[in-house]
>>> print(open('model_23.txt').read())   # compact mmCIF, C-alpha atoms
# COMPACT_ATOMS: atom_id res chain seq x y z
CA MET A 1 28.83 102.89 97.69
CA LYS A 2 32.44 102.19 96.69
CA SER A 3 34.50 99.53 98.49
CA VAL A 4 38.16 99.81 99.48
CA LEU A 5 40.38 96.92 100.57
CA ILE A 6 43.31 97.99 102.76
CA ILE A 7 46.06 95.36 102.63
CA GLU A 8 48.38 96.28 105.49
CA ASP A 9 50.01 94.11 108.17
CA ASP A 10 50.67 97.01 110.56
CA CYS A 11 47.44 97.44 112.55
CA LYS A 12 48.26 101.01 113.59
CA THR A 13 48.85 102.12 109.98
CA SER A 14 45.73 100.29 108.82
CA LYS A 15 43.59 102.04 111.44
CA ILE A 16 45.03 105.45 110.51
CA ILE A 17 44.25 104.90 106.81
CA GLU A 18 40.76 103.70 107.74
CA GLY A 19 40.21 106.77 109.92
CA ILE A 20 41.31 109.18 107.21
CA ILE A 21 38.99 107.54 104.67
CA ASN A 22 36.07 107.69 107.11
CA ILE A 23 36.69 111.35 107.96
CA THR A 24 37.19 112.41 104.33
CA PHE A 25 34.62 110.29 102.50
CA GLY A 26 32.16 109.23 105.20
CA GLU A 27 29.63 106.50 104.46
CA SER A 28 30.20 106.67 100.68
CA ILE A 29 33.03 104.14 101.06
CA LYS A 30 32.88 100.65 102.57
CA ILE A 31 36.21 99.62 104.10
CA LEU A 32 37.57 96.07 104.26
CA LYS A 33 40.95 95.11 105.68
CA ALA A 34 43.45 92.29 105.27
CA GLU A 35 46.67 91.74 107.23
CA ASN A 36 48.33 89.39 104.74
CA GLY A 37 48.22 88.10 101.18
CA LYS A 38 46.08 85.07 101.96
CA GLU A 39 43.34 87.17 103.54
CA ALA A 40 43.53 89.69 100.70
CA LEU A 41 43.11 87.05 98.00
CA ASN A 42 40.17 85.49 99.85
CA ILE A 43 38.37 88.84 100.06
CA ALA A 44 39.21 89.79 96.46
CA ASN A 45 37.95 86.44 95.14
CA ASN A 46 34.71 86.44 97.10
CA MET A 47 33.68 90.10 97.10
CA SER A 48 33.61 92.89 94.55
CA ILE A 49 36.27 95.46 95.44
CA ASP A 50 36.57 98.86 93.78
CA ILE A 51 39.87 100.25 95.12
CA PHE A 52 42.90 98.42 96.52
CA ILE A 53 45.48 99.96 98.90
CA PHE A 54 48.59 97.76 99.09
CA ASP A 55 51.54 97.59 101.45
CA ILE A 56 54.52 96.23 99.47
CA MET A 57 56.01 94.40 102.46
CA LEU A 58 53.63 91.72 103.75
CA PRO A 59 54.40 88.88 106.19
CA ASP A 60 53.48 86.02 103.85
CA CYS A 61 54.19 87.36 100.36
CA ASP A 62 55.62 90.12 98.19
CA GLY A 63 53.00 92.84 97.86
CA ILE A 64 53.91 93.43 94.21
CA GLU A 65 53.40 89.76 93.33
CA LEU A 66 50.10 89.82 95.22
CA ALA A 67 49.04 92.90 93.25
CA LYS A 68 49.88 91.13 89.98
CA GLU A 69 47.79 88.13 91.02
CA ILE A 70 44.79 90.26 92.00
CA ARG A 71 45.20 92.31 88.83
CA LYS A 72 44.26 89.18 86.82
CA SER A 73 40.72 89.42 88.20
CA TYR A 74 40.63 93.22 88.49
CA PRO A 75 42.29 94.49 85.30
CA PHE A 76 40.79 97.99 85.43
CA ASN A 77 40.52 98.80 89.15
CA PRO A 78 42.63 101.48 90.85
CA PHE A 79 45.60 100.17 92.87
CA ILE A 80 47.32 102.47 95.37
CA ILE A 81 50.75 101.29 96.56
CA GLU A 82 52.34 102.29 99.86
CA SER A 83 55.95 101.64 100.82
CA SER A 84 58.66 102.81 103.23
CA LYS A 85 61.44 102.11 100.75
CA GLY A 86 62.33 102.57 97.12
CA ASP A 87 63.82 105.35 95.03
CA GLY A 88 62.35 107.05 91.96
CA ALA A 89 63.41 104.25 89.60
CA TYR A 90 61.83 101.60 91.82
CA GLU A 91 58.65 103.65 92.11
CA SER A 92 58.39 103.93 88.32
CA LYS A 93 58.99 100.19 87.95
CA VAL A 94 56.20 99.36 90.40
CA LEU A 95 53.76 101.80 88.81
CA GLN A 96 54.39 100.29 85.39
CA GLU A 97 54.36 96.61 86.42
CA ILE A 98 50.98 96.67 88.11
CA GLN A 99 49.51 99.78 86.47
CA SER A 100 48.83 101.41 89.81
CA PHE A 101 47.28 104.83 90.31
CA ALA A 102 49.77 106.03 92.87
CA PHE A 103 52.92 105.13 94.82
CA ILE A 104 52.89 106.73 98.26
CA LYS A 105 55.96 106.63 100.48
CA LYS A 106 55.52 105.99 104.19
CA THR A 107 56.97 109.06 105.84
CA VAL A 108 56.48 110.71 109.23
CA SER A 109 53.33 112.38 107.93
CA PHE A 110 51.94 109.19 106.31
CA PRO A 111 49.14 108.75 105.45
CA ASN A 112 48.89 112.28 104.10
CA VAL A 113 47.13 114.45 101.58
CA LYS A 114 48.62 112.34 98.77
CA MET A 115 46.63 109.33 99.99
CA ILE A 116 43.39 111.34 100.09
CA SER A 117 44.10 112.76 96.64
CA ALA A 118 44.83 109.27 95.21
CA ILE A 119 41.60 107.82 96.63
CA ASN A 120 39.57 110.79 95.38
CA TYR A 121 41.06 110.40 91.90
CA ALA A 122 40.32 106.66 91.97
CA ILE A 123 36.67 107.30 92.90
CA LYS A 124 36.26 109.77 90.04
CA PHE A 125 37.85 107.28 87.64
CA LEU A 126 35.40 104.58 88.74
CA GLU A 127 32.43 106.92 88.35
CA ASN A 128 33.45 107.64 84.77
CA THR A 129 34.15 104.04 83.76
CA ASN A 130 31.87 101.83 85.89
CA VAL A 131 29.04 101.80 83.34
CA GLY A 132 31.40 100.32 80.77
CA LYS A 133 32.42 97.32 82.86
CA LEU A 134 30.96 93.83 83.34
CA THR A 135 32.16 91.72 86.28
CA LEU A 136 31.36 87.99 86.47
CA LYS A 137 32.31 85.29 88.98
CA GLN A 138 33.55 81.76 88.27
CA ASN A 139 35.30 79.28 90.59
CA ASN A 140 35.35 81.89 93.37
CA LYS A 141 37.22 84.35 91.15
CA LEU A 142 35.94 87.62 89.75
CA THR A 143 36.67 88.52 86.13
CA SER A 144 36.07 92.01 84.77
CA PHE A 145 35.53 92.89 81.12
CA MET A 146 35.33 96.34 79.61
CA LEU A 147 32.13 96.32 77.56
CA GLN A 148 34.09 97.62 74.58
CA GLU A 149 36.04 94.32 74.60
CA ILE A 150 32.97 92.05 74.52
CA ILE A 151 31.86 90.87 71.07
CA TYR A 152 28.86 88.80 72.11
CA ILE A 153 27.59 86.48 74.83
CA THR A 154 25.68 83.26 74.29
CA ARG A 155 24.00 80.81 76.65
CA ILE A 156 24.50 77.05 76.54
CA LYS A 157 21.19 75.33 75.80
CA ASN A 158 19.42 73.75 78.78
CA GLN A 159 22.16 74.92 81.14
CA LYS A 160 22.55 77.94 83.41
CA LYS A 161 25.85 78.72 81.74
CA ILE A 162 27.07 81.44 79.37
CA ILE A 163 30.08 81.95 77.10
CA VAL A 164 31.63 85.40 76.70
CA PHE A 165 33.41 86.06 73.40
CA PHE A 166 35.78 89.01 73.70
CA TYR A 167 38.63 90.66 71.81
CA GLU A 168 42.03 90.87 73.52
CA SER A 169 43.56 93.96 71.94
CA ASN A 170 47.01 93.35 73.45
CA ILE A 171 47.41 90.08 71.52
CA LYS A 172 44.88 90.89 68.78
CA LYS A 173 42.93 87.72 69.31
CA VAL A 174 39.31 86.68 69.92
CA SER A 175 39.01 84.61 73.10
CA LEU A 176 36.18 83.05 75.06
CA GLN A 177 35.43 82.25 78.68
CA GLU A 178 32.64 80.21 80.28
CA PHE A 179 30.71 81.24 83.40
CA SER A 180 28.23 79.09 85.31
CA GLY A 181 25.23 80.30 87.27
CA TYR A 182 24.23 83.16 84.94
CA THR A 183 21.27 83.81 82.67
CA LEU A 184 21.34 86.29 79.79
CA SER A 185 18.77 88.49 81.53
CA THR A 186 21.03 88.70 84.61
CA VAL A 187 24.05 89.62 82.48
CA LEU A 188 22.04 92.18 80.53
CA GLU A 189 21.07 93.87 83.79
CA LYS A 190 24.66 93.76 85.10
CA SER A 191 25.88 95.41 81.89
CA LYS A 192 23.49 98.30 82.63
CA LYS A 193 21.94 97.79 79.21
CA GLY A 194 25.31 98.23 77.50
CA LEU A 195 24.61 95.03 75.55
CA LEU A 196 21.61 94.24 73.36
CA GLN A 197 19.60 91.04 73.21
CA CYS A 198 19.10 89.91 69.61
CA HIS A 199 17.99 86.32 70.24
CA LYS A 200 16.85 84.23 73.19
CA SER A 201 20.36 82.75 73.27
CA PHE A 202 22.50 85.80 72.37
CA LEU A 203 23.53 89.23 73.63
CA VAL A 204 25.53 91.42 71.26
CA ASN A 205 27.74 94.47 71.72
CA PRO A 206 26.30 97.22 69.45
CA SER A 207 29.76 98.63 68.73
CA MET A 208 30.84 95.25 67.33
CA VAL A 209 28.04 95.08 64.77
CA LYS A 210 29.26 95.41 61.18
CA LYS A 211 26.01 94.71 59.38
CA ILE A 212 22.42 93.74 60.20
CA ASN A 213 21.02 91.24 57.72
CA TYR A 214 17.47 89.90 57.66
CA ASP A 215 18.06 86.94 59.97
CA THR A 216 21.63 87.44 61.16
CA ILE A 217 24.09 90.01 62.46
CA THR A 218 27.57 90.18 60.95
CA LEU A 219 30.20 91.13 63.53
CA LYS A 220 33.52 92.87 62.97
CA TYR A 221 35.84 89.99 63.81
CA ASP A 222 36.41 86.93 61.61
CA LYS A 223 33.10 87.48 59.78
CA MET A 224 31.22 86.18 62.80
CA GLU A 225 27.48 85.82 62.35
CA ILE A 226 24.87 85.37 65.06
CA PRO A 227 21.09 84.91 64.62
CA ILE A 228 18.35 87.46 65.12
CA GLY A 229 15.19 86.19 66.78
CA GLU A 230 11.81 87.37 65.49
CA THR A 231 10.91 88.73 68.93
CA TYR A 232 13.92 91.04 68.95
CA LYS A 233 14.21 91.95 65.25
CA LYS A 234 12.14 95.13 65.14
CA LYS A 235 13.53 96.55 68.38
CA LEU A 236 17.10 95.72 67.40
CA ILE A 237 16.84 97.42 64.02
CA LEU A 238 15.30 100.53 65.60
CA LEU A 239 17.99 100.71 68.29
CA MET A 240 20.76 100.28 65.72
CA GLY A 241 19.26 102.92 63.48
CA GLY A 242 18.46 100.43 60.71
>>> encode(input="model_23.txt", output="structure tokens")
Amino acid sequence: MKSVLIIEDDCKTSKIIEGIINITFGESIKILKAENGKEALNIANNMSIDIFIFDIMLPDCDGIELAKEIRKSYPFNPFIIESSKGDGAYESKVLQEIQSFAFIKKTVSFPNVKMISAINYAIKFLENTNVGKLTLKQNNKLTSFMLQEIIYITRIKNQKKIIVFFYESNIKKVSLQEFSGYTLSTVLEKSKKGLLQCHKSFLVNPSMVKKINYDTITLKYDKMEIPIGETYKKKLILLMGG
């Protein structure tokens, strides 16, 4: 089941959008609603949302600034923007700034077939990319990684805490981020087996492996090396075609 958050301060418009989604997609979509930016941030930070539908004009904030803030925790999710104003240049600006899927103008016939088409496209996008995404929560905020960005994940000894090492292609830099409350087995399951366990304290991204040595794995970035545990050695070499 996919989840949609409708961020709209006009109750009538919100109910119409909800009704169209229910009629078109039925029980395959769970609908959540927020009337302002504060409510929207609270829902986004405490639940996993797949698709966002934004009204640009909100009572407590600028919808575009809200979208930018939520985008920090949902870098790959489809955003659909709705607005009663703005020309072609403004529409292009909005689409580029927050990387939204669609900009739908509120007209007499709103919400219309464009809204249905945008949601349908967003669902198909999620179905094609969901396997390649890992979403983790820290300090009541969700952070999503594309699996292709992750280099490896390690756990901190004697703590229920992990560190994700990932490559930021936009700045060409290896970064890391800590998350509490996770075990490697939980993360492995959440990645839908997109990562491989090579040691009791390490998960590795197969696409980041440069070379498998006897006791270590050499990764592509900065000549990183991580250990291979005896328990995982045979399986790892077989899976990697070694």
>>> closest_atom_pairs(input="model_23.txt", of="region 77-151 of chain A", to="region 195-216 of chain A", cutoff="10 Å", atoms="all atoms listed in the file", output="Markdown table")
| residue | atom | partner | partner_atom | distance |
| --- | --- | --- | --- | --- |
| A:Leu147 | CA | A:Asn205 | CA | 7.5 |
| A:Gln148 | CA | A:Ser207 | CA | 7.3 |
| A:Glu149 | CA | A:Asn205 | CA | 8.8 |
| A:Ile150 | CA | A:Asn205 | CA | 6.4 |
| A:Ile151 | CA | A:Asn205 | CA | 5.5 |
>>> write_last_selection(input="model_23.txt", atoms="C-alpha atoms", output="short mmCIF file (atom, residue, chain, number, x, y, z; two decimals), in the coordinates of the input")
data_model
loop_
_atom_site.label_atom_id
_atom_site.label_comp_id
_atom_site.auth_asym_id
_atom_site.auth_seq_id
_atom_site.Cartn_x
_atom_site.Cartn_y
_atom_site.Cartn_z
CA LEU A 147 32.13 96.32 77.56
CA GLN A 148 34.09 97.62 74.58
CA GLU A 149 36.04 94.32 74.60
CA ILE A 150 32.97 92.05 74.52
CA ILE A 151 31.86 90.87 71.07
#
>>> atom_distance(input="model_23.txt", atom1="CA of Asp222 (chain A)", atom2="CA of Tyr167 (chain A)")
11.1 Å
>>> atom_distance(input="model_23.txt", atom1="CA of Met115 (chain A)", atom2="CA of Ile17 (chain A)")
8.5 Å
>>> atom_distance(input="model_23.txt", atom1="CA of Lys161 (chain A)", atom2="CA of Leu176 (chain A)")
13.0 Å
>>> closest_residue(input="model_23.txt", among="A:Leu184, A:Ile53, A:Ala118, A:Leu41", to="Gln159 (chain A)", atoms="only C-alpha atoms")
A:Leu184
>>> closest_residue(input="model_23.txt", among="A:Phe125, A:Tyr90, A:Tyr74, A:Phe165", to="Ser144 (chain A)", atoms="all atoms listed in the file")
A:Tyr74
>>> residues_around(input="model_23.txt", residues="Asp60 (chain A)", least_positions_apart="6", cutoff="8 Å", atoms="only C-alpha atoms", output="list in words")
Asn36, Gly37 and Lys38 of chain A
>>> closest_residue(input="model_23.txt", among="A:Asn77, A:Ser14, A:Thr183, A:Gln96", to="Met146 (chain A)", atoms="all atoms listed in the file")
A:Asn77
>>> closest_residue(input="model_23.txt", among="A:Asp55, A:Val164, A:Gly26, A:Leu236", to="Cys11 (chain A)", atoms="all atoms listed in the file")
A:Asp55
>>> residues_around(input="model_23.txt", residues="Ile81 (chain A)", least_positions_apart="6", cutoff="8 Å", atoms="all atoms listed in the file", output="ChimeraX atom specification")
/A:53-56,100-104
>>> write_last_selection(input="model_23.txt", atoms="C-alpha atoms", output="PDB file, in the frame of the given file")
ATOM      1  CA  ILE A  53      45.480  99.960  98.900  1.00  0.00           C
ATOM      2  CA  PHE A  54      48.590  97.760  99.090  1.00  0.00           C
ATOM      3  CA  ASP A  55      51.540  97.590 101.450  1.00  0.00           C
ATOM      4  CA  ILE A  56      54.520  96.230  99.470  1.00  0.00           C
ATOM      5  CA  SER A 100      48.830 101.410  89.810  1.00  0.00           C
ATOM      6  CA  PHE A 101      47.280 104.830  90.310  1.00  0.00           C
ATOM      7  CA  ALA A 102      49.770 106.030  92.870  1.00  0.00           C
ATOM      8  CA  PHE A 103      52.920 105.130  94.820  1.00  0.00           C
ATOM      9  CA  ILE A 104      52.890 106.730  98.260  1.00  0.00           C
TER      10      ILE A 104
END
>>> residues_around(input="model_23.txt", residues="Ile70 (chain A)", least_positions_apart="2", cutoff="9 Å", atoms="all atoms listed in the file", output="mmCIF file with C-alpha atoms, in the coordinates of the input")
data_model
loop_
_atom_site.group_PDB
_atom_site.id
_atom_site.type_symbol
_atom_site.label_atom_id
_atom_site.label_comp_id
_atom_site.auth_asym_id
_atom_site.auth_seq_id
_atom_site.Cartn_x
_atom_site.Cartn_y
_atom_site.Cartn_z
ATOM 1 C CA ALA A 40 43.530 89.690 100.700
ATOM 2 C CA LEU A 41 43.110 87.050 98.000
ATOM 3 C CA ALA A 44 39.210 89.790 96.460
ATOM 4 C CA ASN A 45 37.950 86.440 95.140
ATOM 5 C CA GLU A 65 53.400 89.760 93.330
ATOM 6 C CA LEU A 66 50.100 89.820 95.220
ATOM 7 C CA ALA A 67 49.040 92.900 93.250
ATOM 8 C CA LYS A 68 49.880 91.130 89.980
ATOM 9 C CA LYS A 72 44.260 89.180 86.820
ATOM 10 C CA SER A 73 40.720 89.420 88.200
ATOM 11 C CA TYR A 74 40.630 93.220 88.490
ATOM 12 C CA PRO A 75 42.290 94.490 85.300
#
>>> axis_aligned_box(input="model_23.txt", around="region 214-217 of chain A", padding_each_side="3 Å", output="lines of an AutoDock Vina configuration file")
center_x = 20.8
center_y = 88.5
center_z = 60.1
size_x = 12.6
size_y = 9.1
size_z = 10.8
>>> closest_residue(input="model_23.txt", among="A:Glu127, A:Lys172, A:Lys193, A:Ile226", to="Ile153 (chain A)", atoms="all atoms listed in the file")
A:Ile226
>>> residues_around(input="model_23.txt", residues="Lys33 (chain A)", least_positions_apart="4", cutoff="6 Å", atoms="only C-alpha atoms", output="compact mmCIF listing (two decimals) with C-alpha atoms, in the frame of the given file")
# COMPACT_ATOMS: atom_id res chain seq x y z
CA LEU A 5 40.38 96.92 100.57
CA ILE A 6 43.31 97.99 102.76
CA ILE A 7 46.06 95.36 102.63
>>> closest_residue(input="model_23.txt", among="A:Ser92, A:Ser83, A:Ser28, A:Thr135", to="Ile49 (chain A)", atoms="all atoms listed in the file")
A:Thr135
>>> decode(input="model_23.txt", residues="region 17-43 of chain A", atoms="N, CA and C atoms", output="PDB file, in the first residue's frame")
ATOM      1  N   ILE A  17      -9.831  16.076  -3.575  1.00  0.00           N
ATOM      2  CA  ILE A  17      -8.640  15.316  -3.959  1.00  0.00           C
ATOM      3  C   ILE A  17      -8.683  13.919  -3.356  1.00  0.00           C
ATOM      4  N   GLU A  18      -9.073  13.848  -2.070  1.00  0.00           N
ATOM      5  CA  GLU A  18      -9.177  12.558  -1.393  1.00  0.00           C
ATOM      6  C   GLU A  18     -10.189  11.660  -2.095  1.00  0.00           C
ATOM      7  N   GLY A  19     -11.327  12.231  -2.469  1.00  0.00           N
ATOM      8  CA  GLY A  19     -12.377  11.460  -3.134  1.00  0.00           C
ATOM      9  C   GLY A  19     -11.925  10.915  -4.480  1.00  0.00           C
ATOM     10  N   ILE A  20     -11.219  11.746  -5.241  1.00  0.00           N
ATOM     11  CA  ILE A  20     -10.734  11.311  -6.554  1.00  0.00           C
ATOM     12  C   ILE A  20      -9.718  10.179  -6.404  1.00  0.00           C
ATOM     13  N   ILE A  21      -8.834  10.293  -5.414  1.00  0.00           N
ATOM     14  CA  ILE A  21      -7.848   9.233  -5.183  1.00  0.00           C
ATOM     15  C   ILE A  21      -8.546   7.936  -4.793  1.00  0.00           C
ATOM     16  N   ASN A  22      -9.532   8.032  -3.906  1.00  0.00           N
ATOM     17  CA  ASN A  22     -10.265   6.836  -3.472  1.00  0.00           C
ATOM     18  C   ASN A  22     -11.001   6.169  -4.630  1.00  0.00           C
ATOM     19  N   ILE A  23     -11.648   6.973  -5.463  1.00  0.00           N
ATOM     20  CA  ILE A  23     -12.412   6.431  -6.597  1.00  0.00           C
ATOM     21  C   ILE A  23     -11.484   5.788  -7.618  1.00  0.00           C
ATOM     22  N   THR A  24     -10.359   6.444  -7.884  1.00  0.00           N
ATOM     23  CA  THR A  24      -9.438   5.986  -8.936  1.00  0.00           C
ATOM     24  C   THR A  24      -8.555   4.833  -8.499  1.00  0.00           C
ATOM     25  N   PHE A  25      -8.028   4.912  -7.258  1.00  0.00           N
ATOM     26  CA  PHE A  25      -7.030   3.938  -6.828  1.00  0.00           C
ATOM     27  C   PHE A  25      -7.502   2.997  -5.725  1.00  0.00           C
ATOM     28  N   GLY A  26      -8.658   3.282  -5.139  1.00  0.00           N
ATOM     29  CA  GLY A  26      -9.220   2.394  -4.125  1.00  0.00           C
ATOM     30  C   GLY A  26      -8.350   2.234  -2.902  1.00  0.00           C
ATOM     31  N   GLU A  27      -8.309   1.002  -2.359  1.00  0.00           N
ATOM     32  CA  GLU A  27      -7.595   0.730  -1.119  1.00  0.00           C
ATOM     33  C   GLU A  27      -6.083   0.571  -1.297  1.00  0.00           C
ATOM     34  N   SER A  28      -5.589   0.757  -2.522  1.00  0.00           N
ATOM     35  CA  SER A  28      -4.147   0.610  -2.757  1.00  0.00           C
ATOM     36  C   SER A  28      -3.367   1.822  -2.258  1.00  0.00           C
ATOM     37  N   ILE A  29      -4.093   2.892  -1.881  1.00  0.00           N
ATOM     38  CA  ILE A  29      -3.443   4.106  -1.389  1.00  0.00           C
ATOM     39  C   ILE A  29      -4.024   4.511  -0.037  1.00  0.00           C
ATOM     40  N   LYS A  30      -3.135   4.748   0.918  1.00  0.00           N
ATOM     41  CA  LYS A  30      -3.528   5.272   2.227  1.00  0.00           C
ATOM     42  C   LYS A  30      -3.388   6.786   2.190  1.00  0.00           C
ATOM     43  N   ILE A  31      -4.424   7.499   2.590  1.00  0.00           N
ATOM     44  CA  ILE A  31      -4.435   8.963   2.501  1.00  0.00           C
ATOM     45  C   ILE A  31      -4.293   9.591   3.880  1.00  0.00           C
ATOM     46  N   LEU A  32      -3.354  10.538   3.985  1.00  0.00           N
ATOM     47  CA  LEU A  32      -3.200  11.350   5.187  1.00  0.00           C
ATOM     48  C   LEU A  32      -3.345  12.810   4.765  1.00  0.00           C
ATOM     49  N   LYS A  33      -3.807  13.649   5.703  1.00  0.00           N
ATOM     50  CA  LYS A  33      -4.035  15.053   5.349  1.00  0.00           C
ATOM     51  C   LYS A  33      -3.468  15.998   6.407  1.00  0.00           C
ATOM     52  N   ALA A  34      -3.000  17.137   5.927  1.00  0.00           N
ATOM     53  CA  ALA A  34      -2.501  18.193   6.814  1.00  0.00           C
ATOM     54  C   ALA A  34      -3.028  19.525   6.296  1.00  0.00           C
ATOM     55  N   GLU A  35      -3.432  20.404   7.239  1.00  0.00           N
ATOM     56  CA  GLU A  35      -3.992  21.697   6.853  1.00  0.00           C
ATOM     57  C   GLU A  35      -2.959  22.820   6.872  1.00  0.00           C
ATOM     58  N   ASN A  36      -1.768  22.544   7.413  1.00  0.00           N
ATOM     59  CA  ASN A  36      -0.735  23.578   7.478  1.00  0.00           C
ATOM     60  C   ASN A  36       0.645  22.929   7.507  1.00  0.00           C
ATOM     61  N   GLY A  37       1.674  23.784   7.467  1.00  0.00           N
ATOM     62  CA  GLY A  37       3.039  23.292   7.419  1.00  0.00           C
ATOM     63  C   GLY A  37       3.454  22.532   8.659  1.00  0.00           C
ATOM     64  N   LYS A  38       3.012  22.994   9.817  1.00  0.00           N
ATOM     65  CA  LYS A  38       3.383  22.344  11.075  1.00  0.00           C
ATOM     66  C   LYS A  38       2.870  20.913  11.118  1.00  0.00           C
ATOM     67  N   GLU A  39       1.603  20.727  10.753  1.00  0.00           N
ATOM     68  CA  GLU A  39       1.025  19.384  10.730  1.00  0.00           C
ATOM     69  C   GLU A  39       1.747  18.506   9.717  1.00  0.00           C
ATOM     70  N   ALA A  40       2.052  19.086   8.561  1.00  0.00           N
ATOM     71  CA  ALA A  40       2.709  18.330   7.491  1.00  0.00           C
ATOM     72  C   ALA A  40       4.080  17.832   7.923  1.00  0.00           C
ATOM     73  N   LEU A  41       4.864  18.706   8.554  1.00  0.00           N
ATOM     74  CA  LEU A  41       6.197  18.312   9.020  1.00  0.00           C
ATOM     75  C   LEU A  41       6.117  17.220  10.079  1.00  0.00           C
ATOM     76  N   ASN A  42       5.139  17.331  10.975  1.00  0.00           N
ATOM     77  CA  ASN A  42       4.963  16.332  12.031  1.00  0.00           C
ATOM     78  C   ASN A  42       4.668  14.961  11.435  1.00  0.00           C
ATOM     79  N   ILE A  43       3.781  14.919  10.440  1.00  0.00           N
ATOM     80  CA  ILE A  43       3.439  13.648   9.792  1.00  0.00           C
ATOM     81  C   ILE A  43       4.641  13.104   9.015  1.00  0.00           C
TER      82      ILE A  43
END
